[in-house]
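What follows is the content of run_39.cif (mmCIF, C-alpha atoms and all ligand atoms).
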```cif
data_final
#
loop_
_atom_site.label_atom_id
_atom_site.label_comp_id
_atom_site.auth_asym_id
_atom_site.auth_seq_id
_atom_site.Cartn_x
_atom_site.Cartn_y
_atom_site.Cartn_z
CA MET O 106 118.74 95.70 156.77
CA ASN O 107 121.58 93.15 157.06
CA GLN O 108 118.99 90.41 157.56
CA VAL O 109 117.22 91.40 154.34
CA VAL O 110 120.53 91.26 152.46
CA ASP O 111 121.30 87.83 153.96
CA VAL O 112 117.89 86.40 153.00
CA ARG O 113 118.22 87.74 149.44
CA LYS O 114 121.73 86.28 149.18
CA LYS O 115 120.44 82.88 150.35
CA VAL O 116 117.54 82.96 147.89
CA LEU O 117 119.88 83.77 145.00
CA GLU O 118 122.38 81.08 146.06
CA GLU O 119 119.63 78.46 146.21
CA ASN O 120 118.36 79.63 142.82
CA GLN O 121 121.87 79.33 141.38
CA ARG O 122 122.20 75.77 142.67
CA LEU O 123 118.91 74.71 141.09
CA ALA O 124 119.73 76.57 137.85
CA ALA O 125 122.98 74.61 137.58
CA GLU O 126 120.97 71.36 137.84
CA LEU O 127 118.55 72.57 135.18
CA ARG O 128 121.49 73.52 132.92
CA GLN O 129 122.89 69.99 133.25
CA GLY O 130 119.51 68.50 132.34
CA PHE O 131 119.18 70.75 129.29
CA ALA O 132 122.72 69.84 128.19
CA ALA O 133 121.94 66.13 128.53
CA HIS O 134 119.02 66.56 126.11
CA GLY O 135 120.98 68.87 123.77
CA THR O 136 118.27 71.49 124.34
CA LEU O 137 119.13 75.12 123.67
CA VAL O 138 117.45 77.45 126.16
CA ALA O 139 116.84 81.19 125.69
CA ASN O 140 115.46 83.44 128.44
CA LEU O 141 113.48 86.38 126.99
CA ILE O 142 113.37 89.47 129.20
CA SER O 143 111.72 92.83 128.53
CA SER O 144 109.20 95.29 129.85
CA PRO O 145 105.49 94.41 129.46
CA GLY O 146 104.21 94.66 125.92
CA SER O 147 107.50 94.98 124.08
CA GLY O 148 106.62 92.06 121.82
CA LYS O 149 107.93 88.82 123.38
CA THR O 150 104.85 86.70 122.68
CA THR O 151 104.36 88.21 119.21
CA LEU O 152 107.98 87.33 118.39
CA LEU O 153 107.37 83.75 119.57
CA GLU O 154 104.21 83.46 117.48
CA ALA O 155 106.17 84.54 114.40
CA THR O 156 109.06 82.23 115.37
CA ALA O 157 106.70 79.26 115.64
CA ARG O 158 105.54 79.71 112.07
CA ARG O 159 109.10 79.89 110.73
CA LEU O 160 111.11 77.48 112.88
CA MET O 161 108.70 74.69 113.82
CA PRO O 162 108.87 72.93 110.48
CA ARG O 163 112.66 72.60 110.88
CA ILE O 164 113.34 72.16 114.61
CA SER O 165 111.24 71.21 117.62
CA CYS O 166 110.46 74.16 119.90
CA ALA O 167 108.54 74.71 123.13
CA VAL O 168 107.85 77.66 125.37
CA LEU O 169 107.49 78.19 129.10
CA VAL O 170 105.81 81.54 129.64
CA GLY O 171 105.60 83.38 132.92
CA ASP O 172 102.92 85.87 133.84
CA VAL O 173 101.37 87.16 137.02
CA ALA O 174 97.92 86.20 135.78
CA THR O 175 96.03 84.65 132.83
CA GLU O 176 96.89 81.81 130.46
CA ARG O 177 96.60 84.19 127.55
CA ASP O 178 100.19 84.07 126.27
CA ALA O 179 100.43 80.25 126.35
CA GLU O 180 97.13 80.06 124.46
CA ARG O 181 98.44 82.49 121.82
CA ILE O 182 101.66 80.53 121.35
CA ARG O 183 99.84 77.19 121.14
CA ALA O 184 97.46 78.70 118.56
CA ALA O 185 100.56 79.59 116.50
CA GLY O 186 101.56 75.92 116.55
CA MET O 187 104.18 75.77 119.31
CA PRO O 188 103.71 73.75 122.52
CA ALA O 189 103.56 76.13 125.46
CA HIS O 190 103.06 75.90 129.21
CA GLN O 191 101.91 78.85 131.29
CA ILE O 192 103.59 79.53 134.63
CA LEU O 193 101.51 81.75 136.91
CA THR O 194 103.68 83.51 139.46
CA GLY O 195 100.74 84.72 141.55
CA GLY O 196 102.17 88.20 141.96
CA SER O 197 105.91 87.70 141.66
CA CYS O 198 107.62 89.89 139.07
CA HIS O 199 110.00 87.22 137.75
CA LEU O 200 110.50 83.51 137.13
CA ASP O 201 112.98 81.56 139.20
CA ALA O 202 114.67 78.19 138.72
CA ARG O 203 112.23 76.48 141.12
CA LEU O 204 109.22 77.59 139.04
CA VAL O 205 110.90 76.42 135.82
CA ASP O 206 111.83 73.08 137.36
CA ARG O 207 108.27 72.55 138.58
CA ALA O 208 106.80 73.56 135.22
CA LEU O 209 109.01 71.07 133.40
CA ARG O 210 107.80 68.33 135.75
CA VAL O 211 104.06 69.06 135.59
CA SER O 212 103.77 70.06 131.93
CA GLN O 213 103.40 67.54 129.17
CA LEU O 214 106.20 69.25 127.21
CA ARG O 215 108.68 66.89 125.60
CA MET O 216 112.21 68.24 125.77
CA PRO O 217 112.59 70.10 122.45
CA ASP O 218 115.61 71.25 120.41
CA LEU O 219 114.82 74.82 121.45
CA LEU O 220 113.16 75.83 124.70
CA VAL O 221 112.28 79.51 125.03
CA ILE O 222 111.38 80.91 128.41
CA GLU O 223 109.30 84.08 128.14
CA ASN O 224 109.88 85.80 131.46
CA VAL O 225 107.36 88.00 133.26
CA GLY O 226 107.26 91.45 131.64
CA ASN O 227 109.71 93.41 133.78
CA LEU O 228 113.09 94.95 133.06
CA ILE O 229 114.54 94.58 136.57
CA CYS O 230 113.48 91.55 138.64
CA PRO O 231 114.09 88.73 136.09
CA THR O 232 117.66 89.89 135.51
CA SER O 233 119.07 88.39 138.73
CA TYR O 234 117.53 84.92 138.38
CA ASP O 235 119.43 82.30 136.40
CA LEU O 236 116.98 79.79 134.91
CA GLY O 237 119.62 77.42 133.55
CA GLU O 238 119.43 79.13 130.17
CA ASP O 239 122.19 79.26 127.57
CA PHE O 240 121.66 82.95 127.02
CA LYS O 241 119.44 85.87 127.86
CA VAL O 242 117.70 87.92 125.18
CA ALA O 243 116.61 91.46 126.00
CA LEU O 244 113.85 93.07 123.96
CA LEU O 245 113.47 96.83 123.68
CA SER O 246 110.57 98.17 121.66
CA VAL O 247 110.90 101.50 119.91
CA THR O 248 107.80 102.77 121.71
CA GLU O 249 109.60 102.62 125.08
CA GLY O 250 112.05 105.48 124.43
CA GLU O 251 115.75 105.38 123.59
CA ASP O 252 116.87 106.18 127.15
CA LYS O 253 115.93 102.78 128.59
CA PRO O 254 119.26 100.89 128.27
CA PHE O 255 121.11 103.34 130.53
CA LYS O 256 118.12 103.52 132.92
CA TYR O 257 117.94 99.72 133.24
CA PRO O 258 121.56 98.71 132.68
CA GLY O 259 121.38 95.27 134.36
CA ILE O 260 119.56 93.40 131.64
CA PHE O 261 121.21 95.16 128.71
CA SER O 262 124.68 94.36 130.05
CA LYS O 263 123.81 90.70 130.70
CA ALA O 264 121.86 89.85 127.54
CA GLU O 265 123.91 88.18 124.83
CA LEU O 266 121.46 89.60 122.32
CA THR O 267 119.25 92.67 122.37
CA VAL O 268 116.35 92.71 119.93
CA ILE O 269 115.00 96.16 119.13
CA THR O 270 111.38 95.42 118.28
CA LYS O 271 108.48 97.10 116.45
CA ILE O 272 110.83 98.89 114.06
CA ASP O 273 107.94 99.20 111.60
CA LEU O 274 106.74 102.01 113.89
CA LEU O 275 109.96 104.06 113.61
CA PRO O 276 108.59 106.48 110.97
CA HIS O 277 105.85 107.51 113.42
CA LEU O 278 108.09 108.07 116.46
CA SER O 279 110.93 110.30 117.60
CA PHE O 280 112.86 107.25 118.89
CA ASP O 281 116.60 107.86 118.42
CA LEU O 282 117.74 104.45 117.20
CA GLN O 283 121.44 105.33 117.09
CA ALA O 284 121.37 106.57 120.68
CA ALA O 285 119.68 103.38 121.89
CA GLN O 286 122.15 101.21 119.99
CA ALA O 287 125.13 103.18 121.34
CA GLN O 288 123.91 102.71 124.93
CA ILE O 289 123.44 98.97 124.45
CA ALA O 290 126.91 98.67 122.87
CA ALA O 291 128.46 100.65 125.73
CA LEU O 292 126.82 98.38 128.31
CA ASN O 293 127.74 95.18 126.49
CA PRO O 294 130.45 95.67 123.85
CA ARG O 295 130.44 91.97 122.91
CA GLY O 296 126.65 91.64 122.74
CA ARG O 297 124.72 91.41 119.49
CA GLN O 298 121.87 93.65 118.41
CA LEU O 299 119.07 92.88 116.03
CA LEU O 300 116.46 95.19 114.52
CA LEU O 301 113.16 93.39 114.15
CA SER O 302 109.53 93.79 113.28
CA ALA O 303 107.33 90.77 113.86
CA GLN O 304 104.65 92.67 111.95
CA THR O 305 106.55 93.08 108.65
CA GLY O 306 108.93 90.15 109.18
CA GLN O 307 112.04 92.34 109.01
CA GLY O 308 114.84 90.71 111.03
CA MET O 309 112.96 87.42 111.43
CA ASP O 310 115.32 85.46 109.14
CA GLU O 311 118.33 86.71 111.07
CA TRP O 312 116.66 85.85 114.42
CA CYS O 313 115.85 82.31 113.30
CA LYS O 314 119.31 81.85 111.80
CA LEU O 315 120.91 82.97 115.06
CA LEU O 316 118.85 80.44 117.06
CA GLU O 317 119.67 77.63 114.64
CA GLU O 318 123.39 78.48 114.66
CA ARG O 319 123.40 78.60 118.46
CA LEU O 320 121.66 75.20 118.61
CA HIS O 321 124.15 73.73 116.15
CA ALA O 322 127.07 75.10 118.21
CA LYS O 323 125.67 73.61 121.43
CA ARG O 324 125.22 70.21 119.79
CA LEU O 325 128.81 70.31 118.44
CA VAL O 326 130.20 71.00 121.91
CA ALA O 327 128.13 68.13 123.32
CA VAL O 328 129.56 65.59 120.82
N1 LIG V 401 103.55 97.50 115.24
C1 LIG V 401 104.00 96.44 115.86
N2 LIG V 401 103.35 96.00 116.96
C2 LIG V 401 103.84 94.90 117.58
C3 LIG V 401 105.00 94.21 117.12
N3 LIG V 401 105.25 93.19 117.98
C4 LIG V 401 104.27 93.24 118.90
N4 LIG V 401 103.43 94.24 118.67
C5 LIG V 401 102.22 94.60 119.44
O1 LIG V 401 102.61 94.94 120.78
C6 LIG V 401 101.60 94.51 121.70
C7 LIG V 401 102.23 93.69 122.81
O2 LIG V 401 102.83 92.54 122.26
P1 LIG V 401 103.08 91.21 123.09
O3 LIG V 401 103.77 90.27 122.16
O4 LIG V 401 101.84 90.75 123.76
O5 LIG V 401 104.11 91.74 124.19
P2 LIG V 401 104.76 90.94 125.40
O6 LIG V 401 106.16 91.43 125.55
O7 LIG V 401 104.61 89.47 125.20
O8 LIG V 401 103.88 91.42 126.63
P3 LIG V 401 103.81 90.79 128.12
O9 LIG V 401 103.78 89.29 127.99
O10 LIG V 401 102.57 91.35 128.69
O11 LIG V 401 105.04 91.27 128.84
C8 LIG V 401 100.58 93.73 120.89
O12 LIG V 401 99.47 94.56 120.64
C9 LIG V 401 101.31 93.39 119.61
O13 LIG V 401 100.45 93.28 118.49
C10 LIG V 401 105.66 94.70 115.95
O14 LIG V 401 106.67 94.19 115.47
N5 LIG V 401 105.12 95.83 115.37
MG MG V 402 103.81 88.01 126.45
#
```
Please express what this file holds, its structure, as structure tokens.
Ligand SMILES: Nc1nc2c(ncn2[C@@H]2O[C@H](COP(=O)(O)OP(=O)(O)OP(=O)(O)O)[C@@H](O)[C@H]2O)c(=O)[nH]1
Ligand SMILES: [Mg+2]
Amino acid sequence: MNQVVDVRKKVLEENQRLAAELRQGFAAHGTLVANLISSPGSGKTTLLEATARRLMPRISCAVLVGDVATERDAERIRAAGMPAHQILTGGSCHLDARLVDRALRVSQLRMPDLLVIENVGNLICPTSYDLGEDFKVALLSVTEGEDKPFKYPGIFSKAELTVITKIDLLPHLSFDLQAAQAQIAALNPRGRQLLLSAQTGQGMDEWCKLLEERLHAKRLVAV
């Protein structure tokens, strides 16, 4: 048991070292990096498709997207007009800094203003792995049930922003929005929350504004 703990500690320490190098590289380019984490199907890729249509005319964006299998998400994002590179984890339930570093080397992506990393759909494993990002974004779709923040506290306490997605479906569900929001606020009192529907566009302006403000703030610090 102790050996398992030691190996895990070593893996996380090595990941942290590489993530710090990635963070320096991103800072040198003035690239803002967001790490999107959620359970499978909560709407990460759909949000990025909608983001591409709104943000790309104003700022350069690119996506690294992690999945266990298929190039499907990268194809969807490219079809929406945003450069995207698929990382296949071959079974692993999360991205790590080594995979991101390798993807940046082998992909033809030019370092953009905004780099979004869509993590593998999973609410637990990706939470422990720093990818050199500026901030984590958790997504929680209203179809998942309002009890999820307290059941999976790690990501909701670490994410600077939680996006509650698919709110167009609220009239058809018994999802208790206030309860979900109260749990997220309890786990992360300083975190922000955003209600969003990529389908109707509700919340999309606020999402894009937040990304642009964050990019502006990072560039100001770098000057
Ligand atoms: N009604 C509704 N459906 C949505 C919305 N956003 C996404 N969906 C649907 O939810 C399903 C899953 O969306 P994806 O964007 O593929 O989810 P994902 O988080 O990228 O999934 P993984 O990459 O597999 O983890 C799709 O059928 C989308 O059309 C939304 O705002 N409203
Ligand atoms: Mg996806």
Practice task
Enter the distance from atom O2 of ligand LIG 401 (chain V) to CA of Leu320 in chain O, in Å, rounded to one decimal.
Solution key: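 Distance between the two atoms: 25.9 Å.
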Handout entry: Within 12 Å of file point (124.9, 97.6, 122.1), counting only C-alpha atoms, expressed as number ranges by chain
Key = O: 243, 245, 254-255, 258, 260-269, 282-300
Counting only C-alpha atoms and all ligand atoms, which residues of chain O sit at most 8 Å from some atom of ligand MG 402 (chain V), and what is each one's closest atom pair with its distance in Å to one decimal, listed by chain and rising residue number, as a tab-separated table?
```
residue	atom	partner	partner_atom	distance
O:Pro145	CA	V:MG402	MG	7.3
O:Gly146	CA	V:MG402	MG	6.7
O:Gly148	CA	V:MG402	MG	6.8
O:Lys149	CA	V:MG402	MG	5.2
O:Thr150	CA	V:MG402	MG	4.1
O:Thr151	CA	V:MG402	MG	7.3
O:Val170	CA	V:MG402	MG	7.5
O:Asp172	CA	V:MG402	MG	7.7
O:Asp178	CA	V:MG402	MG	5.4
O:Glu223	CA	V:MG402	MG	7.0
O:Val225	CA	V:MG402	MG	7.7
O:Gly226	CA	V:MG402	MG	7.1
```
Just need the box for range 217-223 of chain O, edges along x, y and z, holding every atom the file lists for it with 6 Å tacked onto each side, so centre and edge lengths in Å to one decimal, as JSON.
```
{"center_x": 112.5, "center_y": 77.1, "center_z": 124.4, "size_x": 18.3, "size_y": 26.0, "size_z": 20.0}
```
Practice task
Find the residue from O:Asp111, O:Glu119, O:Asp281, O:Glu176 that sits nearest to ligand LIG 401 (chain V); use only C-alpha atoms and all ligand atoms when measuring.
Solution key: O:Glu176
Exercise for the section: Would you mind listing what lies within 6 Å of Asn140 in chain O as a list in words, with only C-alpha atoms counted and same-chain residues fewer than 6 positions away left out? Expected result: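 Once the nearby chain positions are removed, what remains is Ile222, Lys241 and Val242 of chain O.
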Practice task
Could you check which of O:Leu152, O:Leu236, O:Ala124, O:Ala179 is closest to ligand LIG 401 (chain V), using all atoms listed in the file?
Solution key: O:Leu152
Practice task
Find the spatial neighbours of Cys198 in chain O, counting all atoms listed in the file, within a cut-off of 12 Å - ignore same-chain residues fewer than 5 positions away - and output them as a PyMOL selection string.
Solution key: chain O and resi 142-145+171-174+192-193+224-234
Handout entry: Nearest to ligand LIG 401 (chain V), chosen from O:Asp273, O:Asp201, O:Glu251, O:Glu118, with all atoms listed in the file counted in the distances
Key = O:Asp273
Handout entry: Among the residues O:Ala202, O:Met216, O:Leu244, O:Leu274, the one that comes closest to Val116 in chain O [using all atoms listed in the file]
Key = O:Ala202
Problem - Which residue of O:Gln191, O:Ser165, O:Ser147, O:Gln213 approaches ligand LIG 401 (chain V) most closely, using only C-alpha atoms and all ligand atoms - result: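 Looking only at the distances to ligand LIG 401 (chain V), the closest residue turns out to be O:Ser147.
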Exercise for the section: For CA of Arg128 in chain O and CA of Glu238 in chain O, determine how far apart the two atoms are, in Å to one decimal place. Expected result: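 Separation between CA of Arg128 in chain O and CA of Glu238 in chain O: 6.6 Å.
When all atoms listed in the file are used to compute distances to ligand LIG 401 (chain V), the closest of the residues O:Leu200, O:Ala303, O:Leu219, O:Ala322 turns out to be O:Ala303.
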Handout entry: Arg319 in chain O surroundings by all atoms listed in the file, 10 Å radius, close-in-sequence under 6 positions cut, as number ranges by chain
Key = O: 137-138, 219, 239-240, 313, 325
Exercise for the section: Between CA of Pro217 in chain O and CA of Ala189 in chain O, measure the distance and give it in Å to one decimal. Expected result: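 Distance reported for this atom pair: 11.3 Å.
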Some atoms are absent from range 298-309 of chain O, so rebuild all heavy atoms and return them as a short mmCIF file (atom, residue, chain, number, x, y, z; two decimals), keeping the file's coordinate frame.
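Result file follows (part-v9.cif):
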```
data_model
loop_
_atom_site.label_atom_id
_atom_site.label_comp_id
_atom_site.auth_asym_id
_atom_site.auth_seq_id
_atom_site.Cartn_x
_atom_site.Cartn_y
_atom_site.Cartn_z
N GLN O 298 123.13 92.90 118.49
CA GLN O 298 121.87 93.65 118.41
C GLN O 298 121.17 93.28 117.10
O GLN O 298 121.82 93.04 116.10
CB GLN O 298 122.13 95.15 118.42
CG GLN O 298 122.78 95.65 119.69
CD GLN O 298 122.92 97.16 119.73
OE1 GLN O 298 122.09 97.89 119.18
NE2 GLN O 298 123.96 97.64 120.37
N LEU O 299 119.86 93.27 117.19
CA LEU O 299 119.07 92.88 116.03
C LEU O 299 117.86 93.81 115.93
O LEU O 299 117.16 94.02 116.92
CB LEU O 299 118.63 91.43 116.23
CG LEU O 299 117.81 90.74 115.16
CD1 LEU O 299 118.56 90.71 113.84
CD2 LEU O 299 117.52 89.31 115.60
N LEU O 300 117.65 94.35 114.75
CA LEU O 300 116.46 95.19 114.52
C LEU O 300 115.37 94.29 113.95
O LEU O 300 115.60 93.57 112.98
CB LEU O 300 116.78 96.30 113.52
CG LEU O 300 117.92 97.25 113.90
CD1 LEU O 300 118.07 98.34 112.85
CD2 LEU O 300 117.66 97.86 115.28
N LEU O 301 114.18 94.37 114.54
CA LEU O 301 113.16 93.39 114.15
C LEU O 301 111.74 93.98 114.17
O LEU O 301 111.42 94.82 115.02
CB LEU O 301 113.23 92.21 115.12
CG LEU O 301 112.39 90.99 114.80
CD1 LEU O 301 113.19 89.71 115.01
CD2 LEU O 301 111.13 90.96 115.64
N SER O 302 110.96 93.54 113.22
CA SER O 302 109.53 93.79 113.28
C SER O 302 108.80 92.48 113.03
O SER O 302 108.89 91.91 111.94
CB SER O 302 109.10 94.81 112.21
OG SER O 302 107.68 94.78 112.08
N ALA O 303 108.10 92.00 114.05
CA ALA O 303 107.33 90.77 113.86
C ALA O 303 106.16 91.04 112.91
O ALA O 303 105.64 90.13 112.28
CB ALA O 303 106.81 90.27 115.21
N GLN O 304 105.77 92.29 112.82
CA GLN O 304 104.65 92.67 111.95
C GLN O 304 105.00 92.55 110.46
O GLN O 304 104.28 91.94 109.70
CB GLN O 304 104.27 94.13 112.25
CG GLN O 304 103.00 94.56 111.55
CD GLN O 304 101.98 95.05 112.57
OE1 GLN O 304 101.71 94.36 113.56
NE2 GLN O 304 101.48 96.23 112.35
N THR O 305 106.16 93.12 110.07
CA THR O 305 106.55 93.08 108.65
C THR O 305 107.45 91.88 108.35
O THR O 305 107.65 91.55 107.19
CB THR O 305 107.32 94.35 108.25
OG1 THR O 305 108.56 94.36 108.99
CG2 THR O 305 106.53 95.61 108.57
N GLY O 306 108.02 91.28 109.39
CA GLY O 306 108.93 90.15 109.18
C GLY O 306 110.39 90.57 109.07
O GLY O 306 111.28 89.73 109.00
N GLN O 307 110.65 91.88 109.09
CA GLN O 307 112.04 92.34 109.01
C GLN O 307 112.84 91.83 110.21
O GLN O 307 112.39 91.99 111.36
CB GLN O 307 112.10 93.87 108.95
CG GLN O 307 113.50 94.37 108.61
CD GLN O 307 113.56 95.89 108.55
OE1 GLN O 307 112.55 96.56 108.34
NE2 GLN O 307 114.74 96.43 108.74
N GLY O 308 113.99 91.22 109.94
CA GLY O 308 114.84 90.71 111.03
C GLY O 308 114.51 89.29 111.45
O GLY O 308 115.28 88.66 112.18
N MET O 309 113.37 88.75 110.98
CA MET O 309 112.96 87.42 111.43
C MET O 309 113.91 86.32 110.93
O MET O 309 114.20 85.37 111.65
CB MET O 309 111.52 87.11 110.99
CG MET O 309 110.45 87.77 111.81
SD MET O 309 110.51 87.39 113.59
CE MET O 309 110.29 85.61 113.64
#
```
